[in-house]
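Enquirer: Next up, input.txt (compact mmCIF, C-alpha atoms).
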```
# COMPACT_ATOMS: atom_id res chain seq x y z
CA MET X 5 -109.88 50.25 -15.36
CA SER X 6 -112.28 52.95 -16.53
CA HIS X 7 -114.80 50.23 -17.39
CA LEU X 8 -115.19 49.58 -13.65
CA ILE X 9 -116.56 53.10 -13.27
CA ASP X 10 -119.08 52.34 -16.02
CA ILE X 11 -120.01 49.17 -14.13
CA ARG X 12 -120.52 51.15 -10.95
CA ARG X 13 -122.83 53.53 -12.81
CA ASP X 14 -124.83 50.65 -14.26
CA LEU X 15 -125.25 49.17 -10.79
CA HIS X 16 -126.09 52.56 -9.31
CA LYS X 17 -129.17 52.68 -11.53
CA ILE X 18 -130.64 49.46 -10.12
CA PRO X 19 -130.52 49.56 -6.29
CA GLU X 20 -132.50 46.77 -4.67
CA ILE X 21 -133.14 46.01 -1.03
CA GLY X 22 -132.11 42.91 0.90
CA PHE X 23 -132.84 39.53 -0.67
CA LYS X 24 -134.57 41.26 -3.59
CA GLU X 25 -131.38 42.03 -5.54
CA PHE X 26 -132.60 40.09 -8.59
CA LYS X 27 -131.49 42.50 -11.32
CA THR X 28 -128.26 43.13 -9.45
CA GLN X 29 -127.49 39.42 -9.26
CA SER X 30 -128.30 39.01 -12.96
CA TYR X 31 -125.96 41.87 -13.88
CA LEU X 32 -123.14 40.45 -11.76
CA LEU X 33 -123.56 36.94 -13.17
CA GLN X 34 -123.61 38.26 -16.72
CA PHE X 35 -120.32 40.10 -16.22
CA ILE X 36 -118.66 37.11 -14.55
CA SER X 37 -119.88 34.69 -17.23
CA ASN X 38 -118.12 36.74 -19.91
CA LEU X 39 -114.74 36.22 -18.24
CA ASP X 40 -112.33 33.36 -18.84
CA GLN X 41 -113.81 30.53 -16.75
CA GLN X 42 -110.62 28.42 -16.55
CA TYR X 43 -109.89 29.29 -12.92
CA LEU X 44 -113.42 30.21 -11.79
CA GLN X 45 -116.14 28.28 -10.00
CA ILE X 46 -119.46 30.09 -9.53
CA THR X 47 -122.10 29.23 -6.93
CA THR X 48 -125.26 31.12 -6.05
CA TRP X 49 -127.12 31.45 -2.75
CA LYS X 50 -130.44 33.31 -2.68
CA THR X 51 -129.58 36.60 -4.45
CA GLY X 52 -125.90 36.30 -3.57
CA ILE X 53 -122.98 34.86 -5.51
CA VAL X 54 -119.80 33.04 -4.46
CA VAL X 55 -116.88 33.07 -6.88
CA TYR X 56 -114.02 30.66 -6.18
CA ILE X 57 -110.72 31.29 -7.96
CA LYS X 58 -108.23 28.42 -8.04
CA GLY X 59 -104.72 29.48 -7.10
CA THR X 60 -101.50 28.31 -8.74
CA ASN X 61 -99.85 26.94 -5.60
CA PRO X 62 -102.34 27.31 -2.75
CA THR X 63 -101.87 26.63 0.93
CA LYS X 64 -105.03 28.42 2.12
CA LEU X 65 -108.27 30.07 0.98
CA ILE X 66 -108.46 33.87 1.24
CA GLY X 67 -111.87 35.52 1.26
CA TRP X 68 -113.08 38.90 0.04
CA ARG X 69 -116.62 40.02 0.82
CA THR X 70 -118.70 42.70 -0.88
CA ASP X 71 -122.28 43.74 -0.13
CA ILE X 72 -124.76 44.21 -2.98
CA ASP X 73 -127.98 45.78 -1.66
CA GLY X 74 -129.25 49.34 -1.77
CA LEU X 75 -131.35 51.45 0.59
CA PRO X 76 -134.96 52.74 0.67
CA VAL X 77 -133.75 56.31 0.06
CA GLN X 78 -135.09 58.65 -2.63
CA GLU X 79 -132.04 59.81 -4.59
CA GLU X 80 -131.36 63.56 -4.84
CA THR X 81 -127.93 63.59 -6.51
CA GLY X 82 -129.06 64.80 -9.94
CA LEU X 83 -126.61 62.40 -11.58
CA SER X 84 -127.19 61.35 -15.17
CA PHE X 85 -127.10 57.75 -13.96
CA SER X 86 -129.40 58.21 -10.95
CA SER X 87 -131.48 55.37 -9.61
CA GLU X 88 -134.16 54.13 -11.98
CA PHE X 89 -136.11 52.67 -9.04
CA GLU X 90 -138.30 55.21 -7.30
CA GLY X 91 -137.59 55.41 -3.58
CA TYR X 92 -134.36 53.40 -3.69
CA MET X 93 -130.70 54.38 -3.93
CA HIS X 94 -127.18 53.06 -3.49
CA ALA X 95 -126.66 55.61 -0.72
CA CYS X 96 -124.09 53.50 1.14
CA GLY X 97 -121.63 52.88 -1.68
CA HIS X 98 -122.36 49.22 -2.32
CA ASP X 99 -122.31 49.97 -6.05
CA CYS X 100 -118.66 50.97 -5.64
CA HIS X 101 -117.99 47.89 -3.53
CA MET X 102 -119.41 45.64 -6.24
CA ALA X 103 -117.43 47.31 -9.01
CA ILE X 104 -114.22 46.72 -7.05
CA ALA X 105 -115.14 43.08 -6.43
CA LEU X 106 -115.89 42.49 -10.11
CA GLY X 107 -112.53 44.05 -10.91
CA LEU X 108 -110.91 41.50 -8.60
CA VAL X 109 -112.68 38.59 -10.28
CA GLU X 110 -111.63 39.92 -13.69
CA ALA X 111 -107.98 40.36 -12.66
CA PHE X 112 -107.76 36.91 -11.07
CA SER X 113 -109.45 35.27 -14.06
CA LYS X 114 -106.67 36.62 -16.27
CA GLN X 115 -103.80 35.91 -13.89
CA PRO X 116 -104.68 33.58 -11.02
CA PRO X 117 -103.25 34.27 -7.56
CA ILE X 118 -100.93 31.90 -5.72
CA GLN X 119 -103.51 31.22 -3.01
CA ASN X 120 -107.07 30.14 -3.62
CA VAL X 121 -109.40 33.13 -3.37
CA VAL X 122 -113.13 33.24 -2.76
CA ILE X 123 -115.22 36.36 -3.35
CA TYR X 124 -118.58 36.60 -1.63
CA PHE X 125 -121.21 38.89 -3.18
CA GLN X 126 -123.41 39.08 -0.09
CA PRO X 127 -127.02 40.30 -0.16
CA ALA X 128 -129.01 42.11 2.52
CA GLU X 129 -126.25 43.87 4.45
CA GLU X 130 -128.52 46.83 5.17
CA GLY X 131 -131.24 44.48 6.40
CA PRO X 132 -132.46 42.02 7.40
CA GLY X 133 -128.85 40.78 7.43
CA GLY X 134 -127.24 38.46 4.93
CA ALA X 135 -123.84 37.66 6.42
CA GLU X 136 -124.94 35.34 9.20
CA PRO X 137 -127.28 33.13 7.11
CA MET X 138 -124.81 33.10 4.22
CA LEU X 139 -122.04 31.91 6.52
CA GLU X 140 -124.34 29.26 8.03
CA TRP X 141 -125.16 28.01 4.52
CA LEU X 142 -121.49 27.91 3.57
CA LYS X 143 -120.60 25.88 6.65
CA ALA X 144 -123.46 23.44 6.14
CA GLU X 145 -123.59 23.11 2.35
CA GLN X 146 -120.28 24.42 0.97
CA PRO X 147 -117.61 23.97 3.65
CA LEU X 148 -114.80 24.03 1.08
CA LEU X 149 -115.84 27.61 0.25
CA VAL X 150 -115.37 28.87 3.83
CA ALA X 151 -112.30 31.12 3.82
CA ASN X 152 -109.34 30.70 6.16
CA GLU X 153 -109.02 34.48 6.42
CA ILE X 154 -111.27 37.22 5.06
CA TYR X 155 -111.27 40.93 4.23
CA ALA X 156 -113.70 43.67 3.22
CA LEU X 157 -113.87 47.43 2.75
CA HIS X 158 -116.43 50.18 3.15
CA ILE X 159 -116.34 53.63 1.61
CA ALA X 160 -115.87 56.56 4.00
CA PRO X 161 -117.15 59.89 2.61
CA GLU X 162 -115.20 61.91 5.17
CA TYR X 163 -111.78 60.64 4.06
CA PRO X 164 -109.92 61.66 0.87
CA VAL X 165 -109.53 59.09 -1.88
CA GLY X 166 -106.55 56.84 -1.15
CA THR X 167 -107.10 56.67 2.60
CA ILE X 168 -106.96 53.13 3.96
CA ALA X 169 -108.25 53.42 7.52
CA THR X 170 -108.57 50.58 9.98
CA LYS X 171 -107.33 49.35 13.35
CA PRO X 172 -106.68 46.11 15.21
CA GLY X 173 -109.55 45.09 17.46
CA LEU X 174 -112.96 46.73 17.59
CA LEU X 175 -113.74 48.81 14.49
CA PHE X 176 -117.58 48.87 14.40
CA ALA X 177 -120.20 48.46 17.10
CA ASN X 178 -122.79 45.85 17.96
CA THR X 179 -126.06 47.14 16.54
CA SER X 180 -129.72 46.30 16.81
CA GLU X 181 -132.82 47.81 15.29
CA LEU X 182 -135.57 48.76 17.73
CA PHE X 183 -139.30 48.79 17.01
CA ILE X 184 -141.77 49.35 19.85
CA ASP X 185 -145.55 49.22 19.33
CA LEU X 186 -148.00 50.51 21.93
CA LYS X 187 -151.73 49.71 21.92
CA GLY X 188 -154.33 51.34 24.13
CA ILE X 189 -157.91 52.52 23.67
CA GLY X 190 -158.73 55.30 21.22
CA GLY X 191 -161.64 57.67 21.38
CA HIS X 192 -163.06 61.16 21.07
CA ALA X 193 -160.86 64.02 22.25
CA ALA X 194 -163.76 65.31 24.37
CA TYR X 195 -163.84 62.10 26.44
CA PRO X 196 -160.23 61.36 27.39
CA HIS X 197 -161.29 59.51 30.54
CA LYS X 198 -162.73 56.76 28.39
CA THR X 199 -159.48 56.17 26.51
CA ARG X 200 -155.92 55.02 27.02
CA ASP X 201 -153.90 57.61 25.11
CA MET X 202 -150.89 56.13 23.31
CA THR X 203 -149.51 59.52 22.30
CA ILE X 204 -148.90 60.29 25.98
CA ALA X 205 -147.60 56.77 26.66
CA ALA X 206 -145.20 56.92 23.71
CA ALA X 207 -143.93 60.35 24.75
CA ASN X 208 -143.20 59.08 28.26
CA LEU X 209 -141.50 55.99 26.87
CA LEU X 210 -139.35 58.08 24.55
CA LEU X 211 -138.10 60.20 27.45
CA GLN X 212 -137.45 57.20 29.69
CA LEU X 213 -135.43 55.46 26.98
CA GLN X 214 -132.97 58.33 27.15
CA THR X 215 -132.06 57.32 30.71
CA VAL X 216 -131.02 53.79 29.74
CA ILE X 217 -127.53 54.73 28.59
CA SER X 218 -126.85 57.44 31.17
CA ARG X 219 -127.86 55.26 34.13
CA ASN X 220 -127.06 51.70 33.06
CA VAL X 221 -123.91 51.75 30.91
CA ASP X 222 -120.46 52.34 32.38
CA PRO X 223 -119.53 55.94 31.50
CA MET X 224 -116.10 54.66 30.45
CA ASP X 225 -117.89 52.52 27.85
CA SER X 226 -119.99 53.79 24.94
CA ALA X 227 -123.53 53.05 23.83
CA VAL X 228 -126.31 54.82 21.96
CA ILE X 229 -130.09 54.58 21.75
CA THR X 230 -131.58 56.69 18.99
CA VAL X 231 -135.29 56.90 18.28
CA GLY X 232 -135.45 58.29 14.77
CA LYS X 233 -139.19 57.97 14.18
CA MET X 234 -142.29 58.16 16.36
CA THR X 235 -145.85 57.92 15.05
CA ALA X 236 -149.20 58.09 16.84
CA GLY X 237 -152.78 58.87 15.97
CA THR X 238 -154.65 59.72 12.79
CA VAL X 239 -156.34 63.12 13.27
CA GLN X 240 -156.22 66.04 15.71
CA ASN X 241 -159.47 65.35 17.59
CA VAL X 242 -159.14 61.60 18.06
CA ILE X 243 -157.11 60.20 20.93
CA ALA X 244 -154.54 57.74 19.59
CA GLU X 245 -155.14 54.04 20.13
CA ASN X 246 -151.75 53.07 18.67
CA ALA X 247 -148.22 54.46 18.68
CA ARG X 248 -144.90 53.24 17.34
CA LEU X 249 -141.29 54.10 18.04
CA GLU X 250 -138.54 53.13 15.60
CA GLY X 251 -134.87 53.40 16.45
CA THR X 252 -131.50 51.78 16.85
CA ILE X 253 -129.22 50.54 19.62
CA ARG X 254 -125.43 50.58 19.34
CA THR X 255 -122.90 49.33 21.88
CA LEU X 256 -119.19 48.61 21.91
CA ASN X 257 -119.57 45.21 23.56
CA ALA X 258 -122.10 42.40 23.59
CA ASP X 259 -122.65 42.55 27.37
CA ALA X 260 -123.70 46.20 27.15
CA MET X 261 -126.17 45.31 24.38
CA ALA X 262 -127.76 42.66 26.59
CA GLU X 263 -128.01 45.10 29.52
CA VAL X 264 -129.52 47.86 27.35
CA LYS X 265 -132.18 45.49 26.06
CA ARG X 266 -132.95 44.27 29.57
CA ARG X 267 -133.57 47.84 30.71
CA ILE X 268 -135.68 48.67 27.64
CA GLU X 269 -137.88 45.67 28.40
CA ALA X 270 -138.24 46.69 32.06
CA ILE X 271 -139.21 50.24 31.11
CA CYS X 272 -141.76 48.96 28.61
CA ALA X 273 -143.28 46.76 31.31
CA GLY X 274 -143.56 49.87 33.48
CA ILE X 275 -145.29 51.76 30.67
CA GLU X 276 -147.78 48.93 30.33
CA ALA X 277 -148.63 49.16 34.02
CA ALA X 278 -148.70 52.95 34.19
CA PHE X 279 -150.81 53.55 31.08
CA GLU X 280 -152.86 50.33 31.06
CA CYS X 281 -151.77 49.39 27.57
CA THR X 282 -149.84 46.66 25.81
CA VAL X 283 -146.31 47.16 24.54
CA SER X 284 -144.47 44.86 22.12
CA ILE X 285 -140.79 45.03 21.16
CA ASP X 286 -139.14 43.86 17.95
CA TYR X 287 -135.35 44.12 17.73
CA GLY X 288 -135.32 43.59 13.96
CA SER X 289 -131.88 43.11 12.46
CA MET X 290 -129.04 42.62 14.94
CA TYR X 291 -125.39 42.83 13.85
CA TYR X 292 -122.35 41.58 15.69
CA GLU X 293 -119.40 43.91 16.24
CA VAL X 294 -116.65 44.13 13.64
CA ASN X 295 -113.63 43.08 15.67
CA ASN X 296 -110.57 42.99 13.44
CA ASP X 297 -107.92 40.32 13.86
CA ALA X 298 -104.77 42.19 14.89
CA GLU X 299 -102.45 40.46 12.41
CA CYS X 300 -104.85 40.97 9.50
CA ALA X 301 -105.52 44.63 10.31
CA ASN X 302 -101.84 45.42 10.77
CA ALA X 303 -101.06 43.66 7.49
CA LEU X 304 -103.51 45.98 5.70
CA LEU X 305 -101.99 49.08 7.30
CA GLN X 306 -98.43 47.98 6.55
CA PHE X 307 -99.30 47.20 2.94
CA ALA X 308 -101.02 50.59 2.56
CA GLU X 309 -97.91 52.34 3.87
CA GLN X 310 -95.88 51.15 0.88
CA PHE X 311 -98.65 51.21 -1.76
CA ASP X 312 -98.38 54.10 -4.20
CA GLY X 313 -101.43 56.33 -3.90
CA ALA X 314 -102.58 55.01 -0.53
CA ILE X 315 -102.53 56.74 2.85
CA ALA X 316 -102.48 54.38 5.83
CA TYR X 317 -104.44 55.62 8.83
CA GLU X 318 -105.11 53.85 12.12
CA CYS X 319 -108.58 55.18 12.82
CA PRO X 320 -110.74 55.17 15.96
CA ALA X 321 -113.63 52.76 16.43
CA ALA X 322 -117.07 53.92 15.26
CA MET X 323 -120.67 53.24 16.24
CA THR X 324 -121.34 52.13 12.68
CA GLY X 325 -122.98 48.73 12.24
CA GLU X 326 -121.85 46.16 9.65
CA ASP X 327 -122.85 42.53 9.39
CA PHE X 328 -119.37 41.62 8.16
CA GLY X 329 -118.83 41.18 11.89
CA TYR X 330 -120.44 37.74 11.64
CA PHE X 331 -117.75 36.62 9.18
CA ILE X 332 -114.84 37.69 11.37
CA LYS X 333 -116.49 36.40 14.51
CA ASP X 334 -115.56 32.95 13.22
CA ILE X 335 -112.80 33.67 10.66
CA PRO X 336 -109.65 35.78 11.17
CA GLY X 337 -109.95 38.90 9.06
CA ALA X 338 -110.32 42.65 8.89
CA MET X 339 -112.36 45.42 7.34
CA PHE X 340 -111.11 48.87 6.40
CA TRP X 341 -112.57 52.24 5.52
CA THR X 342 -111.55 53.62 2.14
CA GLY X 343 -111.75 57.32 1.35
CA ALA X 344 -114.61 58.45 -0.90
CA ALA X 345 -114.36 62.27 -0.59
CA SER X 346 -118.08 63.07 -0.57
CA SER X 347 -119.62 66.23 0.88
CA TYR X 348 -122.55 64.14 2.09
CA GLY X 349 -122.35 61.15 4.40
CA LEU X 350 -123.45 57.54 4.16
CA HIS X 351 -127.19 56.97 3.68
CA HIS X 352 -127.69 60.58 2.54
CA ALA X 353 -129.82 61.17 -0.56
CA LYS X 354 -127.06 63.37 -2.04
CA MET X 355 -124.07 61.14 -1.25
CA VAL X 356 -121.78 61.02 -4.31
CA PRO X 357 -118.45 59.18 -3.82
CA ASP X 358 -115.42 60.10 -5.91
CA GLU X 359 -115.25 57.29 -8.46
CA LEU X 360 -111.45 57.38 -8.54
CA LEU X 361 -111.63 55.23 -5.41
CA ILE X 362 -112.74 52.28 -7.58
CA PRO X 363 -109.63 51.64 -9.70
CA LEU X 364 -107.31 52.57 -6.82
CA ASN X 365 -108.94 50.11 -4.41
CA CYS X 366 -109.21 47.40 -7.03
CA GLN X 367 -105.45 47.56 -7.54
CA PHE X 368 -104.78 47.86 -3.80
CA VAL X 369 -106.92 44.87 -2.84
CA GLU X 370 -105.72 42.73 -5.75
CA GLN X 371 -102.08 43.25 -4.84
CA PHE X 372 -102.76 42.80 -1.15
CA LEU X 373 -104.53 39.48 -1.69
CA ARG X 374 -101.80 38.28 -4.05
CA GLN X 375 -99.12 38.72 -1.42
CA ARG X 376 -101.08 37.07 1.44
```
Let me see the file written as structure tokens.

Expert:
Amino acid sequence: MSHLIDIRRDLHKIPEIGFKEFKTQSYLLQFISNLDQQYLQITTWKTGIVVYIKGTNPTKLIGWRTDIDGLPVQEETGLSFSSEFEGYMHACGHDCHMAIALGLVEAFSKQPPIQNVVIYFQPAEEGPGGAEPMLEWLKAEQPLLVANEIYALHIAPEYPVGTIATKPGLLFANTSELFIDLKGIGGHAAYPHKTRDMTIAAANLLLQLQTVISRNVDPMDSAVITVGKMTAGTVQNVIAENARLEGTIRTLNADAMAEVKRRIEAICAGIEAAFECTVSIDYGSMYYEVNNDAECANALLQFAEQFDGAIAYECPAAMTGEDFGYFIKDIPGAMFWTGAASSYGLHHAKMVPDELLIPLNCQFVEQFLRQR
């Protein structure tokens, strides 16, 4: 399976962001077209691909989902196969995910499984979100390609290669992007009384946002608001007319997400009144929680316990966001972390997963799906 590592390196060179994965899709289709087509049926949707594999004696349709997009991150790994696209990188391991999925298609094309299998190459996981619209399209246009149960993996840099980590129930959080724009009146620094300063307004808003979790979410629950970027103004002696906050919201249940957003909107209304400005909110991409079906998650853990080279681990839930949650909102299924043994974490410019995870997980997933 060393060729799967070469595939991963090829894909690593061409990271593309959501719904712009044109070269990625072309590469994937080229590889799949070179396989024996006897048991395969290929359908495309936007920049995504759906591969249906006919089973030998099927009673159900089992799904496997992989994500295919990269991130707007400037790579700093120094690898000989670094990204060829300036400002973009597969910093979340989707290149590894795709290599594993192609390995599955290849294996099933040579020896079909008992059950029918469908493999979804889903675009735009990092944003603006591809799972929900892809699933809506499947239900409306290709209902026979909607799986009866579905699985997926994600690399975990903090775990050693071979770790299969998951749990029944909630695995990943509800997430929402957060973009807040403030508009006031700019002017000369010497005449502040003639302006409405959005630097001051944004600073006050930033501090007030930090009270939303501590005073509105049950302390026995968990939620996070992080503002990772704040911009205001253009030069040191001009009072800022505009400011912008960019961040993320993460909660462990949908009700908490609704309450957090309600409080954010109330605080923003207060900022408008206090600073005589206008405030607009955009929640951007919103992902539903990954809530694993208990039977499916336990089946993965039990299979990992007897699989040579795997280490089964029932892990805690994380505040990570993943739009795979939309698939298992409607379809029984489960996602698992797989160890990648990297010194740097997900989305880091120096994240380098151990490529041995690719053949190991290809074999693990293939055998798991064959026995479902």

Enquirer: If we count only C-alpha atoms and set the cut-off at 10 Å, which residues sit around Ala353 of chain X, ignoring sequence neighbours fewer than 6 positions away in its own chain? Please answer as a ChimeraX atom specification.

Expert: /X:75-81,92-96

Enquirer: Would you put the residues from that selection into a file with C-alpha atoms, as a PDB file, keeping the file's coordinate frame?

Expert:
```
ATOM      1  CA  LEU X  75    -131.350  51.450   0.590  1.00  0.00           C
ATOM      2  CA  PRO X  76    -134.960  52.740   0.670  1.00  0.00           C
ATOM      3  CA  VAL X  77    -133.750  56.310   0.060  1.00  0.00           C
ATOM      4  CA  GLN X  78    -135.090  58.650  -2.630  1.00  0.00           C
ATOM      5  CA  GLU X  79    -132.040  59.810  -4.590  1.00  0.00           C
ATOM      6  CA  GLU X  80    -131.360  63.560  -4.840  1.00  0.00           C
ATOM      7  CA  THR X  81    -127.930  63.590  -6.510  1.00  0.00           C
ATOM      8  CA  TYR X  92    -134.360  53.400  -3.690  1.00  0.00           C
ATOM      9  CA  MET X  93    -130.700  54.380  -3.930  1.00  0.00           C
ATOM     10  CA  HIS X  94    -127.180  53.060  -3.490  1.00  0.00           C
ATOM     11  CA  ALA X  95    -126.660  55.610  -0.720  1.00  0.00           C
ATOM     12  CA  CYS X  96    -124.090  53.500   1.140  1.00  0.00           C
TER      13      CYS X  96
END
```

Enquirer: Which is closest to Gly232 of chain X among X:Arg219, X:Arg248, X:His158, X:Lys27, if we use all atoms listed in the file?

Expert: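 That would be X:Arg248, the residue with the smallest distance to Gly232 of chain X.
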
Enquirer: Calculate how many Å separate atom CA of Asp358 of chain X from atom CA of Ala169 of chain X, rounding to one decimal.

Expert: 16.6 Å

Enquirer: Rank X:Gly288, X:Pro164, X:Gly188, X:Gly107 by their smallest atom-to-atom distance to Glu245 of chain X, using all atoms listed in the file, and report the top residue only.

Expert: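 Once distances to Glu245 of chain X are computed over all atoms listed in the file, the minimum belongs to X:Gly188.
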
Enquirer: Name the closest residue to Ala258 of chain X among the candidates X:Ile204, X:Leu182, X:Leu364, X:Leu174; distances are taken between atoms, counting only C-alpha atoms.

Expert: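 Result for the nearest residue to Ala258 of chain X: X:Leu174.
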
Enquirer: Which centre and which edge lengths, in Å to one decimal, describe the axis-aligned box that holds all listed atoms of segment 199-208 of chain X after 4 Å is added on each side, as AutoDock Vina command-line options?

Expert:
```
--center_x -151.3 --center_y 57.7 --center_z 25.3 --size_x 24.3 --size_y 13.3 --size_z 14.0
```

Enquirer: Hey, what's within 10 Å of Gln212 of chain X if we count all atoms listed in the file and toss same-chain stuff fewer than 6 positions away? As a compact mmCIF listing (two decimals) with C-alpha atoms, in the coordinates of the input, please?

Expert:
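That gives us selection_13.txt:
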```txt
# COMPACT_ATOMS: atom_id res chain seq x y z
CA ALA X 206 -145.20 56.92 23.71
CA ILE X 268 -135.68 48.67 27.64
CA ILE X 271 -139.21 50.24 31.11
CA CYS X 272 -141.76 48.96 28.61
CA ILE X 275 -145.29 51.76 30.67
```

Enquirer: What is the atom CA of Leu210 of chain X to atom CA of Ser284 of chain X distance in Å?

Expert: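 Between atom CA of Leu210 of chain X and atom CA of Ser284 of chain X the gap is 14.4 Å.
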
Enquirer: Calculate how many Å separate atom CA of Val122 of chain X from atom CA of Glu326 of chain X, rounding to one decimal.

Expert: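 Atom-to-atom, atom CA of Val122 of chain X and atom CA of Glu326 of chain X are spaced 19.9 Å apart.
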
Enquirer: Using only C-alpha atoms for the distances, tell me which of X:Asn152, X:Gln126, X:Thr179, X:Thr324 is nearest to Ile66 of chain X.

Expert: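 Checking each candidate against Ile66 of chain X, we get X:Asn152 as the closest.
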
Enquirer: I'd like the neighbourhood of segment 21-24 of chain X as a PDB file with C-alpha atoms, in the coordinates of the input, where a residue qualifies if any of its atoms comes within 12 Å (using all atoms listed in the file), though same-chain residues fewer than 2 positions away should be ignored.

Expert:
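Listed below is the output, part_23.pdb:
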```pdb
ATOM      1  CA  ILE X  18    -130.640  49.460 -10.120  1.00  0.00           C
ATOM      2  CA  PRO X  19    -130.520  49.560  -6.290  1.00  0.00           C
ATOM      3  CA  PHE X  26    -132.600  40.090  -8.590  1.00  0.00           C
ATOM      4  CA  LYS X  27    -131.490  42.500 -11.320  1.00  0.00           C
ATOM      5  CA  THR X  28    -128.260  43.130  -9.450  1.00  0.00           C
ATOM      6  CA  GLN X  29    -127.490  39.420  -9.260  1.00  0.00           C
ATOM      7  CA  SER X  30    -128.300  39.010 -12.960  1.00  0.00           C
ATOM      8  CA  TRP X  49    -127.120  31.450  -2.750  1.00  0.00           C
ATOM      9  CA  LYS X  50    -130.440  33.310  -2.680  1.00  0.00           C
ATOM     10  CA  THR X  51    -129.580  36.600  -4.450  1.00  0.00           C
ATOM     11  CA  GLY X  52    -125.900  36.300  -3.570  1.00  0.00           C
ATOM     12  CA  ILE X  53    -122.980  34.860  -5.510  1.00  0.00           C
ATOM     13  CA  ASP X  71    -122.280  43.740  -0.130  1.00  0.00           C
ATOM     14  CA  ILE X  72    -124.760  44.210  -2.980  1.00  0.00           C
ATOM     15  CA  ASP X  73    -127.980  45.780  -1.660  1.00  0.00           C
ATOM     16  CA  GLY X  74    -129.250  49.340  -1.770  1.00  0.00           C
ATOM     17  CA  LEU X  75    -131.350  51.450   0.590  1.00  0.00           C
ATOM     18  CA  PRO X  76    -134.960  52.740   0.670  1.00  0.00           C
ATOM     19  CA  VAL X  77    -133.750  56.310   0.060  1.00  0.00           C
ATOM     20  CA  PHE X  89    -136.110  52.670  -9.040  1.00  0.00           C
ATOM     21  CA  GLY X  91    -137.590  55.410  -3.580  1.00  0.00           C
ATOM     22  CA  TYR X  92    -134.360  53.400  -3.690  1.00  0.00           C
ATOM     23  CA  MET X  93    -130.700  54.380  -3.930  1.00  0.00           C
ATOM     24  CA  HIS X  94    -127.180  53.060  -3.490  1.00  0.00           C
ATOM     25  CA  ALA X  95    -126.660  55.610  -0.720  1.00  0.00           C
ATOM     26  CA  CYS X  96    -124.090  53.500   1.140  1.00  0.00           C
ATOM     27  CA  HIS X  98    -122.360  49.220  -2.320  1.00  0.00           C
ATOM     28  CA  PHE X 125    -121.210  38.890  -3.180  1.00  0.00           C
ATOM     29  CA  GLN X 126    -123.410  39.080  -0.090  1.00  0.00           C
ATOM     30  CA  PRO X 127    -127.020  40.300  -0.160  1.00  0.00           C
ATOM     31  CA  ALA X 128    -129.010  42.110   2.520  1.00  0.00           C
ATOM     32  CA  GLU X 129    -126.250  43.870   4.450  1.00  0.00           C
ATOM     33  CA  GLU X 130    -128.520  46.830   5.170  1.00  0.00           C
ATOM     34  CA  GLY X 131    -131.240  44.480   6.400  1.00  0.00           C
ATOM     35  CA  PRO X 132    -132.460  42.020   7.400  1.00  0.00           C
ATOM     36  CA  GLY X 133    -128.850  40.780   7.430  1.00  0.00           C
ATOM     37  CA  GLY X 134    -127.240  38.460   4.930  1.00  0.00           C
ATOM     38  CA  ALA X 135    -123.840  37.660   6.420  1.00  0.00           C
ATOM     39  CA  PRO X 137    -127.280  33.130   7.110  1.00  0.00           C
ATOM     40  CA  MET X 138    -124.810  33.100   4.220  1.00  0.00           C
ATOM     41  CA  SER X 289    -131.880  43.110  12.460  1.00  0.00           C
TER      42      SER X 289
END
```

Enquirer: Would you please work out which residue, of X:Ala321, X:Met234, X:Leu360, X:Met102, is nearest to Asn296 of chain X when using only C-alpha atoms?

Expert: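 Under the stated criterion, the closest residue is X:Ala321.
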
Enquirer: Pick out the closest residue to Asn208 of chain X from this set: X:Ile243, X:Leu249, X:Leu175, X:Val228. Count only C-alpha atoms.

Expert: X:Leu249

Enquirer: Mind checking which residues fall within 8 Å of Gly97 of chain X, counting only C-alpha atoms, ignoring those fewer than 6 positions away in the same chain, and posting them as a list in words?

Expert: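 Result of the neighbour search: His158, Ile159, Leu350 and Pro357 of chain X.
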
Enquirer: If we count only C-alpha atoms and set the cut-off at 9 Å, which residues sit around Arg374 of chain X, ignoring sequence neighbours fewer than 4 positions away in its own chain? Please answer as a VMD selection string.

Expert: chain X and resid 116 to 119 369 to 370

Enquirer: List every protein, DNA or RNA residue that has at least one atom no more than 12 Å from (-125.6, 57.1, 28.9) in the file's coordinates, counting only C-alpha atoms, and write the result as a ChimeraX atom specification.

Expert: /X:212-230,253-255,260,264
